[in-house]
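Novice: Next up, start_18.cif (mmCIF, N, CA and C atoms).
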data_my_file
loop_
_atom_site.label_atom_id
_atom_site.label_comp_id
_atom_site.auth_asym_id
_atom_site.auth_seq_id
_atom_site.Cartn_x
_atom_site.Cartn_y
_atom_site.Cartn_z
N MET A 1 -31.56 -21.45 31.41
CA MET A 1 -30.29 -20.77 31.63
C MET A 1 -30.52 -19.26 31.66
N GLU A 2 -30.12 -18.63 32.71
CA GLU A 2 -30.28 -17.19 32.85
C GLU A 2 -29.17 -16.46 32.10
N ILE A 3 -29.56 -15.37 31.47
CA ILE A 3 -28.59 -14.51 30.81
C ILE A 3 -28.19 -13.43 31.81
N LYS A 4 -26.91 -13.30 32.07
CA LYS A 4 -26.40 -12.34 33.06
C LYS A 4 -25.39 -11.42 32.38
N PRO A 5 -25.90 -10.38 31.70
CA PRO A 5 -24.99 -9.51 30.94
C PRO A 5 -23.96 -8.80 31.80
N TRP A 6 -24.23 -8.63 33.10
CA TRP A 6 -23.28 -7.93 33.97
C TRP A 6 -22.01 -8.76 34.22
N LYS A 7 -22.06 -10.06 33.92
CA LYS A 7 -20.88 -10.90 34.10
C LYS A 7 -19.93 -10.83 32.92
N GLY A 8 -20.36 -10.24 31.83
CA GLY A 8 -19.51 -10.12 30.64
C GLY A 8 -19.45 -11.41 29.86
N GLU A 9 -18.56 -11.42 28.87
CA GLU A 9 -18.38 -12.61 28.02
C GLU A 9 -17.76 -13.75 28.82
N LYS A 10 -18.16 -14.95 28.49
CA LYS A 10 -17.58 -16.14 29.11
C LYS A 10 -16.13 -16.27 28.65
N LEU A 11 -15.26 -16.63 29.56
CA LEU A 11 -13.84 -16.79 29.25
C LEU A 11 -13.65 -17.91 28.23
N GLU A 12 -12.89 -17.63 27.20
CA GLU A 12 -12.61 -18.62 26.14
C GLU A 12 -11.57 -19.60 26.68
N ASN A 13 -11.96 -20.87 26.82
CA ASN A 13 -11.01 -21.85 27.35
C ASN A 13 -10.82 -23.06 26.45
N ARG A 14 -11.27 -22.94 25.19
CA ARG A 14 -11.07 -24.04 24.25
C ARG A 14 -9.61 -24.08 23.79
N ARG A 15 -9.13 -25.26 23.57
CA ARG A 15 -7.76 -25.43 23.06
C ARG A 15 -7.75 -25.15 21.56
N LEU A 16 -6.56 -24.86 21.07
CA LEU A 16 -6.39 -24.57 19.64
C LEU A 16 -6.88 -25.74 18.78
N SER A 17 -6.66 -26.96 19.24
CA SER A 17 -7.10 -28.13 18.48
C SER A 17 -8.61 -28.16 18.33
N VAL A 18 -9.34 -27.69 19.33
CA VAL A 18 -10.80 -27.65 19.25
C VAL A 18 -11.24 -26.65 18.18
N LEU A 19 -10.58 -25.50 18.12
CA LEU A 19 -10.90 -24.52 17.09
C LEU A 19 -10.61 -25.04 15.70
N ILE A 20 -9.53 -25.79 15.57
CA ILE A 20 -9.20 -26.39 14.27
C ILE A 20 -10.27 -27.40 13.89
N ASP A 21 -10.74 -28.18 14.85
CA ASP A 21 -11.82 -29.15 14.58
C ASP A 21 -13.09 -28.43 14.13
N ILE A 22 -13.42 -27.33 14.80
CA ILE A 22 -14.62 -26.56 14.43
C ILE A 22 -14.45 -25.99 13.03
N TRP A 23 -13.29 -25.39 12.75
CA TRP A 23 -13.02 -24.85 11.42
C TRP A 23 -13.21 -25.93 10.36
N PHE A 24 -12.65 -27.11 10.62
CA PHE A 24 -12.74 -28.18 9.63
C PHE A 24 -14.19 -28.63 9.43
N SER A 25 -14.91 -28.84 10.51
CA SER A 25 -16.28 -29.35 10.38
C SER A 25 -17.23 -28.34 9.75
N MET A 26 -16.97 -27.04 9.96
CA MET A 26 -17.87 -26.01 9.43
C MET A 26 -17.43 -25.43 8.10
N TYR A 27 -16.16 -25.63 7.74
CA TYR A 27 -15.66 -25.00 6.52
C TYR A 27 -14.66 -25.88 5.76
N GLY A 28 -13.62 -26.33 6.43
CA GLY A 28 -12.53 -27.04 5.76
C GLY A 28 -12.95 -28.31 5.05
N VAL A 29 -13.97 -28.98 5.57
CA VAL A 29 -14.44 -30.23 4.97
C VAL A 29 -14.90 -30.01 3.53
N ASN A 30 -15.29 -28.79 3.19
CA ASN A 30 -15.77 -28.47 1.85
C ASN A 30 -14.67 -28.09 0.87
N LEU A 31 -13.44 -27.96 1.33
CA LEU A 31 -12.32 -27.63 0.45
C LEU A 31 -11.82 -28.89 -0.24
N SER A 32 -11.37 -28.77 -1.46
CA SER A 32 -10.90 -29.95 -2.19
C SER A 32 -9.70 -30.61 -1.50
N ASN A 33 -8.86 -29.83 -0.85
CA ASN A 33 -7.72 -30.38 -0.12
C ASN A 33 -7.87 -30.15 1.38
N GLY A 34 -9.10 -30.04 1.84
CA GLY A 34 -9.38 -29.74 3.24
C GLY A 34 -8.80 -30.73 4.21
N GLN A 35 -8.85 -32.02 3.87
CA GLN A 35 -8.32 -33.05 4.77
C GLN A 35 -6.81 -32.91 4.93
N VAL A 36 -6.12 -32.59 3.85
CA VAL A 36 -4.67 -32.40 3.90
C VAL A 36 -4.32 -31.18 4.76
N ILE A 37 -5.06 -30.10 4.57
CA ILE A 37 -4.83 -28.89 5.35
C ILE A 37 -5.10 -29.16 6.83
N TYR A 38 -6.18 -29.87 7.10
CA TYR A 38 -6.55 -30.20 8.47
C TYR A 38 -5.45 -31.01 9.15
N GLN A 39 -4.91 -32.00 8.45
CA GLN A 39 -3.83 -32.81 9.02
C GLN A 39 -2.60 -31.96 9.30
N LYS A 40 -2.31 -31.02 8.41
CA LYS A 40 -1.17 -30.12 8.62
C LYS A 40 -1.41 -29.26 9.86
N PHE A 41 -2.63 -28.73 10.00
CA PHE A 41 -2.97 -27.95 11.18
C PHE A 41 -2.82 -28.77 12.46
N GLU A 42 -3.23 -30.03 12.41
CA GLU A 42 -3.08 -30.90 13.58
C GLU A 42 -1.61 -31.01 13.99
N HIS A 43 -0.73 -31.20 13.01
CA HIS A 43 0.71 -31.28 13.29
C HIS A 43 1.23 -29.95 13.86
N MET A 44 0.78 -28.85 13.27
CA MET A 44 1.24 -27.54 13.72
C MET A 44 0.81 -27.29 15.18
N VAL A 45 -0.45 -27.56 15.46
CA VAL A 45 -0.98 -27.32 16.80
C VAL A 45 -0.25 -28.20 17.82
N LYS A 46 -0.04 -29.45 17.47
CA LYS A 46 0.67 -30.36 18.37
C LYS A 46 2.09 -29.85 18.66
N SER A 47 2.78 -29.40 17.61
CA SER A 47 4.15 -28.94 17.80
C SER A 47 4.22 -27.62 18.58
N MET A 48 3.10 -26.88 18.64
CA MET A 48 3.05 -25.65 19.44
C MET A 48 2.55 -25.93 20.85
N GLY A 49 2.26 -27.20 21.17
CA GLY A 49 1.83 -27.55 22.51
C GLY A 49 0.34 -27.44 22.75
N ASN A 50 -0.45 -27.26 21.70
CA ASN A 50 -1.91 -27.17 21.79
C ASN A 50 -2.35 -26.24 22.92
N PRO A 51 -1.99 -24.95 22.83
CA PRO A 51 -2.34 -24.03 23.92
C PRO A 51 -3.84 -23.74 23.97
N VAL A 52 -4.29 -23.22 25.09
CA VAL A 52 -5.64 -22.68 25.17
C VAL A 52 -5.67 -21.54 24.16
N ALA A 53 -6.69 -21.53 23.32
CA ALA A 53 -6.72 -20.58 22.20
C ALA A 53 -6.63 -19.13 22.64
N SER A 54 -7.24 -18.80 23.77
CA SER A 54 -7.21 -17.41 24.23
C SER A 54 -5.82 -16.98 24.71
N THR A 55 -4.92 -17.94 24.93
CA THR A 55 -3.55 -17.60 25.33
C THR A 55 -2.57 -17.67 24.16
N PHE A 56 -3.07 -18.08 23.00
CA PHE A 56 -2.24 -18.20 21.80
C PHE A 56 -1.86 -16.81 21.32
N THR A 57 -0.56 -16.59 21.12
CA THR A 57 -0.08 -15.26 20.75
C THR A 57 0.78 -15.32 19.49
N ALA A 58 0.99 -14.14 18.94
CA ALA A 58 1.88 -14.01 17.78
C ALA A 58 3.28 -14.50 18.14
N ASN A 59 3.70 -14.25 19.37
CA ASN A 59 5.02 -14.68 19.81
C ASN A 59 5.14 -16.21 19.79
N MET A 60 4.08 -16.91 20.21
CA MET A 60 4.09 -18.37 20.17
C MET A 60 4.25 -18.86 18.72
N TYR A 61 3.51 -18.23 17.83
CA TYR A 61 3.61 -18.64 16.42
C TYR A 61 4.99 -18.29 15.87
N ALA A 62 5.52 -17.15 16.23
CA ALA A 62 6.84 -16.74 15.75
C ALA A 62 7.91 -17.74 16.21
N GLU A 63 7.79 -18.23 17.43
CA GLU A 63 8.74 -19.23 17.93
C GLU A 63 8.59 -20.55 17.16
N PHE A 64 7.35 -20.94 16.90
CA PHE A 64 7.09 -22.12 16.09
C PHE A 64 7.73 -21.96 14.71
N ARG A 65 7.53 -20.80 14.09
CA ARG A 65 8.07 -20.56 12.75
C ARG A 65 9.60 -20.53 12.76
N ARG A 66 10.18 -20.01 13.85
CA ARG A 66 11.64 -20.02 13.97
C ARG A 66 12.16 -21.45 13.97
N LYS A 67 11.49 -22.31 14.73
CA LYS A 67 11.90 -23.72 14.78
C LYS A 67 11.69 -24.41 13.44
N ARG A 68 10.62 -24.05 12.73
CA ARG A 68 10.40 -24.62 11.40
C ARG A 68 11.52 -24.17 10.46
N THR A 69 11.87 -22.90 10.54
CA THR A 69 12.92 -22.34 9.68
C THR A 69 14.26 -23.03 9.94
N ALA A 70 14.52 -23.35 11.20
CA ALA A 70 15.77 -24.01 11.58
C ALA A 70 15.75 -25.51 11.29
N GLY A 71 14.61 -26.03 10.85
CA GLY A 71 14.52 -27.46 10.56
C GLY A 71 14.30 -28.30 11.81
N GLU A 72 13.98 -27.66 12.94
CA GLU A 72 13.76 -28.39 14.20
C GLU A 72 12.39 -29.07 14.24
N ILE A 73 11.45 -28.55 13.48
CA ILE A 73 10.10 -29.13 13.41
C ILE A 73 9.82 -29.48 11.95
N THR A 74 9.55 -30.75 11.72
CA THR A 74 9.21 -31.20 10.37
C THR A 74 7.92 -32.01 10.42
N PHE A 75 7.24 -32.08 9.30
CA PHE A 75 5.99 -32.80 9.22
C PHE A 75 6.05 -33.95 8.23
N VAL A 76 7.24 -34.36 7.86
CA VAL A 76 7.40 -35.49 6.95
C VAL A 76 8.28 -36.53 7.63
N ASP A 77 8.21 -37.75 7.16
CA ASP A 77 9.04 -38.78 7.77
C ASP A 77 10.51 -38.57 7.43
N SER A 78 11.36 -39.24 8.16
CA SER A 78 12.81 -39.01 8.03
C SER A 78 13.35 -39.35 6.64
N LYS A 79 12.70 -40.24 5.91
CA LYS A 79 13.16 -40.58 4.56
C LYS A 79 12.99 -39.43 3.59
N ARG A 80 11.93 -38.67 3.79
CA ARG A 80 11.62 -37.58 2.86
C ARG A 80 12.09 -36.23 3.36
N HIS A 81 12.58 -36.16 4.58
CA HIS A 81 13.00 -34.90 5.17
C HIS A 81 14.23 -34.36 4.45
N LYS A 82 14.12 -33.13 3.96
CA LYS A 82 15.22 -32.51 3.22
C LYS A 82 15.65 -31.19 3.85
N GLY A 83 15.52 -31.07 5.14
CA GLY A 83 15.90 -29.84 5.82
C GLY A 83 14.71 -28.94 6.08
N ALA A 84 15.01 -27.67 6.26
CA ALA A 84 13.97 -26.70 6.60
C ALA A 84 13.02 -26.50 5.42
N PRO A 85 11.77 -26.16 5.71
CA PRO A 85 10.81 -25.90 4.63
C PRO A 85 11.16 -24.60 3.90
N SER A 86 10.63 -24.45 2.73
CA SER A 86 10.90 -23.25 1.93
C SER A 86 10.16 -22.05 2.51
N ILE A 87 10.58 -20.88 2.10
CA ILE A 87 9.91 -19.63 2.49
C ILE A 87 8.45 -19.69 2.03
N ALA A 88 8.21 -20.20 0.84
CA ALA A 88 6.84 -20.29 0.33
C ALA A 88 5.98 -21.18 1.22
N THR A 89 6.52 -22.28 1.69
CA THR A 89 5.78 -23.17 2.59
C THR A 89 5.46 -22.47 3.90
N LEU A 90 6.45 -21.81 4.48
CA LEU A 90 6.24 -21.09 5.73
C LEU A 90 5.18 -19.99 5.57
N ASN A 91 5.23 -19.27 4.47
CA ASN A 91 4.25 -18.22 4.22
C ASN A 91 2.85 -18.80 4.00
N SER A 92 2.78 -19.94 3.34
CA SER A 92 1.50 -20.61 3.13
C SER A 92 0.90 -21.06 4.46
N GLU A 93 1.72 -21.62 5.32
CA GLU A 93 1.25 -22.04 6.64
C GLU A 93 0.69 -20.86 7.43
N LEU A 94 1.41 -19.74 7.38
CA LEU A 94 0.96 -18.54 8.09
C LEU A 94 -0.37 -18.05 7.53
N ALA A 95 -0.46 -17.94 6.22
CA ALA A 95 -1.69 -17.44 5.58
C ALA A 95 -2.88 -18.32 5.93
N ARG A 96 -2.68 -19.62 5.89
CA ARG A 96 -3.78 -20.54 6.21
C ARG A 96 -4.18 -20.45 7.68
N PHE A 97 -3.20 -20.33 8.56
CA PHE A 97 -3.51 -20.26 9.99
C PHE A 97 -4.23 -18.95 10.31
N LYS A 98 -3.79 -17.86 9.69
CA LYS A 98 -4.49 -16.58 9.86
C LYS A 98 -5.93 -16.70 9.38
N ALA A 99 -6.11 -17.36 8.25
CA ALA A 99 -7.44 -17.51 7.65
C ALA A 99 -8.37 -18.33 8.55
N VAL A 100 -7.83 -19.27 9.31
CA VAL A 100 -8.65 -20.05 10.23
C VAL A 100 -9.35 -19.12 11.22
N PHE A 101 -8.60 -18.21 11.82
CA PHE A 101 -9.19 -17.30 12.79
C PHE A 101 -10.20 -16.36 12.15
N GLU A 102 -9.90 -15.91 10.94
CA GLU A 102 -10.85 -15.04 10.24
C GLU A 102 -12.15 -15.78 9.92
N LYS A 103 -12.05 -17.03 9.49
CA LYS A 103 -13.24 -17.83 9.20
C LYS A 103 -14.02 -18.11 10.47
N LEU A 104 -13.33 -18.41 11.56
CA LEU A 104 -14.01 -18.66 12.83
C LEU A 104 -14.74 -17.41 13.32
N LYS A 105 -14.16 -16.23 13.09
CA LYS A 105 -14.83 -14.98 13.44
C LYS A 105 -16.10 -14.83 12.61
N GLU A 106 -15.97 -15.09 11.33
CA GLU A 106 -17.11 -15.01 10.41
C GLU A 106 -18.23 -15.96 10.83
N LEU A 107 -17.87 -17.13 11.32
CA LEU A 107 -18.84 -18.14 11.74
C LEU A 107 -19.36 -17.92 13.17
N GLY A 108 -18.83 -16.90 13.85
CA GLY A 108 -19.26 -16.62 15.21
C GLY A 108 -18.63 -17.52 16.26
N GLU A 109 -17.55 -18.20 15.90
CA GLU A 109 -16.89 -19.13 16.82
C GLU A 109 -15.67 -18.53 17.51
N TRP A 110 -15.25 -17.33 17.10
CA TRP A 110 -14.11 -16.66 17.72
C TRP A 110 -14.46 -15.19 17.88
N LYS A 111 -14.38 -14.71 19.10
CA LYS A 111 -14.78 -13.33 19.40
C LYS A 111 -13.60 -12.36 19.48
N GLY A 112 -12.44 -12.86 19.77
CA GLY A 112 -11.29 -11.99 19.96
C GLY A 112 -10.64 -11.58 18.65
N PRO A 113 -9.59 -10.79 18.76
CA PRO A 113 -8.83 -10.42 17.55
C PRO A 113 -8.05 -11.63 17.03
N ASN A 114 -7.66 -11.56 15.81
CA ASN A 114 -6.83 -12.61 15.22
C ASN A 114 -5.45 -12.52 15.87
N PRO A 115 -5.03 -13.55 16.60
CA PRO A 115 -3.75 -13.48 17.31
C PRO A 115 -2.54 -13.41 16.37
N LEU A 116 -2.74 -13.73 15.10
CA LEU A 116 -1.62 -13.71 14.15
C LEU A 116 -1.63 -12.48 13.26
N GLU A 117 -2.51 -11.55 13.55
CA GLU A 117 -2.68 -10.36 12.72
C GLU A 117 -1.37 -9.61 12.50
N SER A 118 -0.52 -9.53 13.52
CA SER A 118 0.71 -8.74 13.43
C SER A 118 1.86 -9.48 12.74
N ILE A 119 1.73 -10.78 12.52
CA ILE A 119 2.81 -11.56 11.89
C ILE A 119 2.77 -11.34 10.38
N LYS A 120 3.88 -10.99 9.85
CA LYS A 120 4.00 -10.76 8.40
C LYS A 120 4.70 -11.95 7.75
N PRO A 121 4.38 -12.21 6.49
CA PRO A 121 5.09 -13.29 5.79
C PRO A 121 6.54 -12.90 5.55
N PHE A 122 7.37 -13.91 5.39
CA PHE A 122 8.77 -13.66 5.03
C PHE A 122 8.83 -13.16 3.60
N ARG A 123 9.82 -12.36 3.31
CA ARG A 123 10.03 -11.95 1.93
C ARG A 123 10.70 -13.09 1.20
N ASP A 124 10.14 -13.43 0.08
CA ASP A 124 10.70 -14.49 -0.74
C ASP A 124 11.40 -13.82 -1.91
N HIS A 125 12.71 -13.70 -1.80
CA HIS A 125 13.47 -13.01 -2.84
C HIS A 125 13.33 -13.72 -4.17
N GLU A 126 13.28 -12.91 -5.20
CA GLU A 126 13.15 -13.50 -6.53
C GLU A 126 14.39 -14.33 -6.84
N ARG A 127 14.12 -15.46 -7.42
CA ARG A 127 15.23 -16.32 -7.81
C ARG A 127 15.54 -16.06 -9.29
N PRO A 128 16.80 -16.15 -9.65
CA PRO A 128 17.13 -15.94 -11.07
C PRO A 128 16.53 -17.06 -11.92
N MET A 129 16.11 -16.69 -13.10
CA MET A 129 15.55 -17.68 -14.01
C MET A 129 16.67 -18.53 -14.58
N ARG A 130 16.37 -19.79 -14.75
CA ARG A 130 17.35 -20.70 -15.35
C ARG A 130 16.79 -21.19 -16.66
N PHE A 131 17.68 -21.34 -17.61
CA PHE A 131 17.26 -21.84 -18.92
C PHE A 131 17.87 -23.17 -19.21
#
As structure tokens, what does this structure read like?

Specialist:
Amino acid sequence: MEIKPWKGEKLENRRLSVLIDIWFSMYGVNLSNGQVIYQKFEHMVKSMGNPVASTFTANMYAEFRRKRTAGEITFVDSKRHKGAPSIATLNSELARFKAVFEKLKELGEWKGPNPLESIKPFRDHERPMRF
């Protein structure tokens, strides 16, 4: 295989699901709850339409999160569904998804910027203590 530096970097055409698979096989498999996180990522990617990773944007994630907030996207069966997920759950999903891209960069599997870098977690207002 000839190296042709004048052609630049090869266009990234892997789907988001492929990156999640790579993350899991190279890192997530070693986490105590890695399988659970991986399954959650699979649901998230599917509900976002499994875009080509290089086309995945903060706006796509923001739309996904809007639908999650509205209760339009759920990851539990109808018996256990209790409406929209909590702010803490939404923030956890964001943090984990951001971390996937950072880990892939560290592993040399992602060359671009983190597409979720500009997304901030929701503010979770303090709840009054109950006695």

Novice: What is the distance, in Å and to one decimal place, between atom CA of A:Asn114 and atom CA of A:Glu12?

Specialist: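 According to the coordinates, atom CA of A:Asn114 and atom CA of A:Glu12 are separated by 13.7 Å.
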
Novice: Within 8 Å of stretch 39-44 of chain A, counting only N, CA and C atoms, which residues qualify if same-chain residues fewer than 3 places away don't, as a short mmCIF file (atom, residue, chain, number, x, y, z; two decimals) with N, CA and C atoms, in the frame of the given file?

Specialist:
data_model
loop_
_atom_site.label_atom_id
_atom_site.label_comp_id
_atom_site.auth_asym_id
_atom_site.auth_seq_id
_atom_site.Cartn_x
_atom_site.Cartn_y
_atom_site.Cartn_z
N SER A 17 -6.66 -26.96 19.24
CA SER A 17 -7.10 -28.13 18.48
C SER A 17 -8.61 -28.16 18.33
N ILE A 20 -9.53 -25.79 15.57
CA ILE A 20 -9.20 -26.39 14.27
C ILE A 20 -10.27 -27.40 13.89
N ASN A 33 -8.86 -29.83 -0.85
CA ASN A 33 -7.72 -30.38 -0.12
C ASN A 33 -7.87 -30.15 1.38
N GLY A 34 -9.10 -30.04 1.84
CA GLY A 34 -9.38 -29.74 3.24
C GLY A 34 -8.80 -30.73 4.21
N GLN A 35 -8.85 -32.02 3.87
CA GLN A 35 -8.32 -33.05 4.77
C GLN A 35 -6.81 -32.91 4.93
N VAL A 36 -6.12 -32.59 3.85
CA VAL A 36 -4.67 -32.40 3.90
C VAL A 36 -4.32 -31.18 4.76
N SER A 47 2.78 -29.40 17.61
CA SER A 47 4.15 -28.94 17.80
C SER A 47 4.22 -27.62 18.58
N MET A 48 3.10 -26.88 18.64
CA MET A 48 3.05 -25.65 19.44
C MET A 48 2.55 -25.93 20.85
N GLY A 49 2.26 -27.20 21.17
CA GLY A 49 1.83 -27.55 22.51
C GLY A 49 0.34 -27.44 22.75
N ASN A 50 -0.45 -27.26 21.70
CA ASN A 50 -1.91 -27.17 21.79
C ASN A 50 -2.35 -26.24 22.92
N THR A 74 9.55 -30.75 11.72
CA THR A 74 9.21 -31.20 10.37
C THR A 74 7.92 -32.01 10.42
N PHE A 75 7.24 -32.08 9.30
CA PHE A 75 5.99 -32.80 9.22
C PHE A 75 6.05 -33.95 8.23
N PHE A 97 -3.20 -20.33 8.56
CA PHE A 97 -3.51 -20.26 9.99
C PHE A 97 -4.23 -18.95 10.31
#

Novice: Using Å and a single decimal, report how far atom N of A:Met60 sits from atom C of A:Gly108.

Specialist: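 Distance reported for this atom pair: 23.1 Å.
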
Novice: If you measure from atom CA of A:Ala88 to atom N of A:Leu31, what distance in Å do you get, rounded to one decimal?

Specialist: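 A separation of 21.7 Å between them.
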
Novice: Just give me the residues with any atom within 5 Å of (8.8, -16.1, -0.3), file coordinates, counting all atoms listed in the file, written as a list in words.

Specialist: Ile87, Ala88, Phe122, Arg123, Asp124 and His125 of chain A

Novice: Using only C-alpha atoms, which residue out of A:Arg15, A:Lys105, A:Lys67, A:Lys120 lies closest to A:Asn91?

Specialist: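 The closest residue to A:Asn91 is A:Lys120.
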
Novice: Name the residues in contact with A:Ala53 at a cut-off of 6 Å, using all atoms listed in the file, excluding same-chain residues fewer than 2 positions from it; report them as a list in words.

Specialist: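 Those residues are Asn13, Arg14, Arg15, Leu16, Pro51, Thr55 and Phe56 of chain A.
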
Novice: Just list the residues in stretch 5-130 of chain A DSSP gives alpha helix (DSSP H) on the backbone, as a PyMOL selection string.

Specialist: chain A and resi 16-26+34-47+58-69+87-106

Novice: For this file, the PyMOL selection byres (((chain A and resi 110 and name CA) around 10) and name CA) selects which residues, as a VMD selection string?

Specialist: chain A and resid 12 19 53 to 54 100 to 109 111 to 114
